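Worksheet for the structure shown next.
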Amino acid sequence: MNEVLLTLNAGSSSLKFAMFDADTASTRARMSGEVANIGRAPVFSAKDANGKALDKGAMEKLEAASNHAHLIAQLLQWIARRHGDQRLVAVGHRVVHGGRQFSKPTRVTDSVLQELETLVPLAPLHQPHNLAAIRAVAKWQPDLPQIACFDTGFHRSQTRLAQLFALPRALSDEGIIRYGFHGLSYDYIAGVLPEYLGDQADGRVIVAHLGNGASMCAMKNRKSVATSMGFTALDGLMMGSRCGTIDPGVLLYLLQAKGMDASTIEDLLYRQSGLLGVSGISNDMYVLEQSDAPHARDAIDLFNYRAASILAGLVPAIGGLDALVFTAGIGENSALTRQLICDQLDWLGVALEPAENDRNAALISAAKSRVKVFVVPTNEEAIVARDCRSFLS
Ligand code: AMP
């Protein structure tokens, strides 16, 4: 009987899954899919290894009101029915925050789950859903090994300096430091960089993970040296509905002068800001690019202005720039975003080849560009599967 691994990536409004062979190092999923639009009108889709749409069966009957736990239970039933002839040997989860304690892939036990629960306030958009997926699997098959793979893990190669805030030492010592996120994505990109860059893969590279959540990672020797996100996934770039870097004085003003309470501020910073807040239209870059509204263009311009200035701020940590990589939904698909960011970086030696950029080619920089610019699709699931395999062996 074929042995397989399941990966789950439970986000705030989507649940992505993929199934991989347990005994090969293939990064190609046997099948994958997602439940999107959770909380509004959930939509299920799945495809096989060749990209052919799979019959949805019972997963077509999705209730608009279904919460994550219910949808995960339904998905697990669907998988069990469809793949009854394969033996599921482990489930790997993307878990956004590992805190100080967890950086390596970790088998989930009751006590690990309790520890991870304490990190919910540090990643309120993601961590509760990540943990709900773990609990749903435990209820379904209590003895099935579950491995948590952390988005914070990849950044633990950074120096202490790069991880410190300028706060009193005692607070740093208790773990109020810059953790960084999107580590599974950066780990994947670091692994495939030699295919694009050859020997230069170990040089000075900035990876821009631009999706609904967005961050950048400056790498040398394909290790994280500095990153734009910090203690939480709010810091750094402007995002779909998150504000990114903000003067902390604004938070004091909202608390003290405007009388907002903590949960109102949390909602404002995580769910009402970013592209959504500035445009007043949508958190979705594609929607904004299709809009003629001036506020949509304002949001796009601010996103790209902030992206270019944060990128420039990461360069000193790696002493220059040999290559820039765009990845994730916006990075892989929005030629406009890449152009608007790169136009602000010509002083760094970045020059795009417009035709290649427009067709989302792998290499999009001009021949004269001092910095090579690439579009590389990310694959966080493949990293979760890799980590599960090494854990099991
Ligand atoms: P992710 O979180 O990585 O799935 O990325 C989601 C973001 O990618 C959303 O803001 C989408 O609008 C954006 N996106 C996906 N495709 C395109 C596209 N063709 N043009 C512009 N933005 C896109």
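Just remember, in the structure tokens the first chain shown is A, the second B, etc., residues are 1-based per chain, and ligands are 1-based in the order shown.
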
Open item on the list: DSSP on the backbone, helix (DSSP H, G or I) only: what residues of region 126-340 of chain A does that give? Format it as JSON, numbers by chain.
Closed with: {"A": [127, 128, 129, 130, 131, 132, 133, 134, 135, 136, 137, 138, 139, 140, 153, 154, 155, 156, 157, 160, 161, 162, 163, 169, 170, 171, 172, 173, 183, 184, 185, 186, 187, 188, 189, 190, 191, 192, 193, 194, 195, 196, 197, 198, 199, 200, 201, 202, 248, 249, 250, 251, 252, 253, 254, 255, 256, 262, 263, 264, 265, 266, 267, 268, 269, 270, 271, 274, 275, 276, 277, 278, 279, 285, 286, 287, 288, 289, 290, 294, 295, 296, 297, 298, 299, 300, 301, 302, 303, 304, 305, 306, 307, 308, 309, 310, 311, 312, 313, 314, 315, 316, 317, 318, 328, 329, 330, 331, 332, 333, 335, 336, 337, 338, 339, 340]}

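On the backbone of this structure, DSSP gives strand (DSSP E) within region 73-208 of chain A to Gln86, Arg87, Leu88, Val89, Ala90, Val91, Gly92, His93, Arg94, Val95, Thr106, Arg107, Gln146, Ile147, Ala148, Cys149, Phe150, Arg204, Val205, Ile206, Val207 and Ala208 of chain A.
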
Open item on the list: Residues within 7 Å of region 111-127 of chain A, please, as number ranges by chain. Count only C-alpha atoms; anything in the same chain fewer than 5 positions from it doesn't count.
Closed with: A: 11-12, 95-99, 232-233

Quick one: which chain A residues come within 6 Å of ligand 1, and what is the nearest atom pair for each with the distance in Å to one decimal, counting only C-alpha atoms and all ligand atoms, rows ordered by chain and ascending number, as a Markdown table?
```
| residue | atom | partner | partner_atom_place_in_ligand_line | distance |
| --- | --- | --- | --- | --- |
| A:Gly211 | CA | ligand 1 | 5 (O) | 3.5 |
| A:Asn212 | CA | ligand 1 | 2 (O) | 3.8 |
| A:Gly213 | CA | ligand 1 | 2 (O) | 5.8 |
| A:Asp284 | CA | ligand 1 | 10 (O) | 3.7 |
| A:Met285 | CA | ligand 1 | 12 (O) | 3.9 |
| A:Tyr286 | CA | ligand 1 | 12 (O) | 3.7 |
| A:Ala328 | CA | ligand 1 | 3 (O) | 4.1 |
| A:Gly329 | CA | ligand 1 | 5 (O) | 3.3 |
| A:Ile330 | CA | ligand 1 | 8 (O) | 3.9 |
| A:Asn333 | CA | ligand 1 | 19 (N) | 4.4 |
| A:Ser334 | CA | ligand 1 | 20 (N) | 4.1 |
```

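Across A:Ala366, A:Leu311, A:Ala385, A:Ile177, the tightest approach to Glu353 (chain A) is made by A:Ala366 when counting only C-alpha atoms.
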
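With only C-alpha atoms as the atoms that count, the minimum distance from Thr152 (chain A) to the choices A:Ser309, A:Ser185, A:Gln344, A:Ser263 is reached by A:Ser185.
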